[in-house]
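*Asks:* One structure coming up, written as structure tokens, with questions to follow.
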Amino acid sequence: MAVSSFVPGPRSLSSVAATADREGPGPGGAGLVPGVQRLQVATQDAATGQEILERVYNVRDLQVAPDRPFSLLQSATMLEHVSLGRVRLIEAPASGAVDATDTVHITQVLGGRLGFTDATATTCGRAPFVMPVRPYTCQWEDLDAVTVSLDAAALTAHAAGLAGVEQFCLRFTGASPVSPAMARHWVATVAYINRDLLGNEVALAAPLLRAQVFRSLATAMLQAFPSTFLDRCSAPGPEQPAPAGIRRAIAFMEAHLAADIGLAQIAEAARMSPRGLQAAFRREKDTTPLNYLRAVRLEAAHADLVAADPTTGVRVPEVAARWGFAHPGRFAAAYRTRYGQAPSTTLHT
């Protein structure tokens with residue numbers, strides 16, 4: 001049996017992520033970046049497996065076939081309000097009760113079998129799906145799955161902000177994505193977060209990018225799966241006149257370039273609904289508010305590179321991350337398109 005860097009004691013996703021600042025570096029990489037907790041576990045002990053599955057997925061009452069070997073491989077990265085992981089439960093058939101009233105779990109089964117024993121109408125296959133947001137029981141065998149867990153209260157607050165309302169009742173009306181295209185969108189978003197952000201220590205060290213992990217996943221999730229959020233957003237509404245609202249939105253963006261802001265906050269500052277602001281920017285600026293924000297942040301990164309002294313150790317990836325650009329290659333491509341040269345050329349000129 002080998003166990004490394006698991007979180008001691010049951011706690012919410014938010015409080016788990018917060019412990020990294022207090023606990024400092026530990027085995028398996030925990031605490032190397034403030035606000036980030038990493039988990040790597042390999043065990044053949046069912047009791048330890050029960051503890052880990054309860055910490056990560058709220059699984060209770062683990063039941064393992066007594067005549068089959070048990071093996072758990074669990075990895076997870078936990079930030080505020082969100083956890084991304086991969087779980088492999090090898091060979092042994094097992095079942096467990098899950099209390100998911102406070103957490104929304106989205107799962108993609110890569111191999112093996114995952115099913116439900118309480119008549120939950122969910123088909124488990126290669127497509128991602130939303131696990132029930134309530135107590136339920138499930139069973140699995142030789143399971144290999146990618147998981148994303150979102151704090152339900154934070155997700156509801158994000159949905160309210162995008163919908164432009166103070167109070168919102170978020171309820172999921174189906175488990176499968178609304179279309180194959182949106183299933184691909186969700187899978188691509190998770191892959192991007194795992195590949196370009198969670199494995200990039202420079203990016204994770206930037207508070208702006210850490211905050212964007214939850215916002216990106218929450219927005220993609222709300223777009224991809226059927227819920228009362230999509231029902232509300234699909235309802236027709238009147239277009240709003242925009243020039244004054246656009247000016248307020250731009251002024252707010254420019255005043256908060258380094259802050260963790262999204263569409264909801266920008267729309268509130270513009271005194272418009274998020275949907276109305278989106279339509280106004282497309283009509284008046286031929287872009288979206290978030291693309292406009294990205295362009296202004298690119299200008300800020302350019303200004304930093306122009307002003308920087310390369311002899312002091314300033315590096316392009318650090319400047320990019322400061323302004324919300326996690327992927328150095330994409331930042332360099334966008335920078336070259338805008339300014340006609342590589343960012344490293346600007347830094348050393």
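Naming works like this for the structure tokens: A, B, ... for the chains as they're shown, residue 1 at the start of each chain, ligands 1 onward in shown order.
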At most 12 Å is the cut-off: for each residue in range 209-264 of chain A with any atom that close to an atom of range 84-101 of chain A, write down the nearest atom pair and the distance in Å rounded to one decimal, counting only C-alpha atoms, chain first then increasing number, as a Markdown table.
*Replies:*
```
| residue | atom | partner | partner_atom | distance |
| --- | --- | --- | --- | --- |
| A:Val213 | CA | A:Leu84 | CA | 10.1 |
| A:Phe214 | CA | A:Leu84 | CA | 10.3 |
| A:Leu217 | CA | A:Leu84 | CA | 10.1 |
```
*Asks:* Between A:Leu197, A:Ala127, A:Ala211, A:Leu114, which one has atoms that come closest to Ala183 in chain A, using only C-alpha atoms?
*Replies:*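 Ranking A:Leu197, A:Ala127, A:Ala211, A:Leu114 by distance to Ala183 in chain A, first place goes to A:Ala127.
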*Asks:* Can you pull out the residues contacting Arg297 in chain A? Cut-off 10 Å, using only C-alpha atoms, and skip same-chain residues under 4 positions away; I want them as a VMD selection string.
*Replies:* chain A and resid 253 to 254 257 to 258 291 to 293 301 to 303 320 322 to 325
*Asks:* For CA of Glu268 in chain A and CA of Gly164 in chain A, quote the distance in Å rounded to one decimal.
*Replies:*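 For CA of Glu268 in chain A relative to CA of Gly164 in chain A, the distance reads 7.7 Å.
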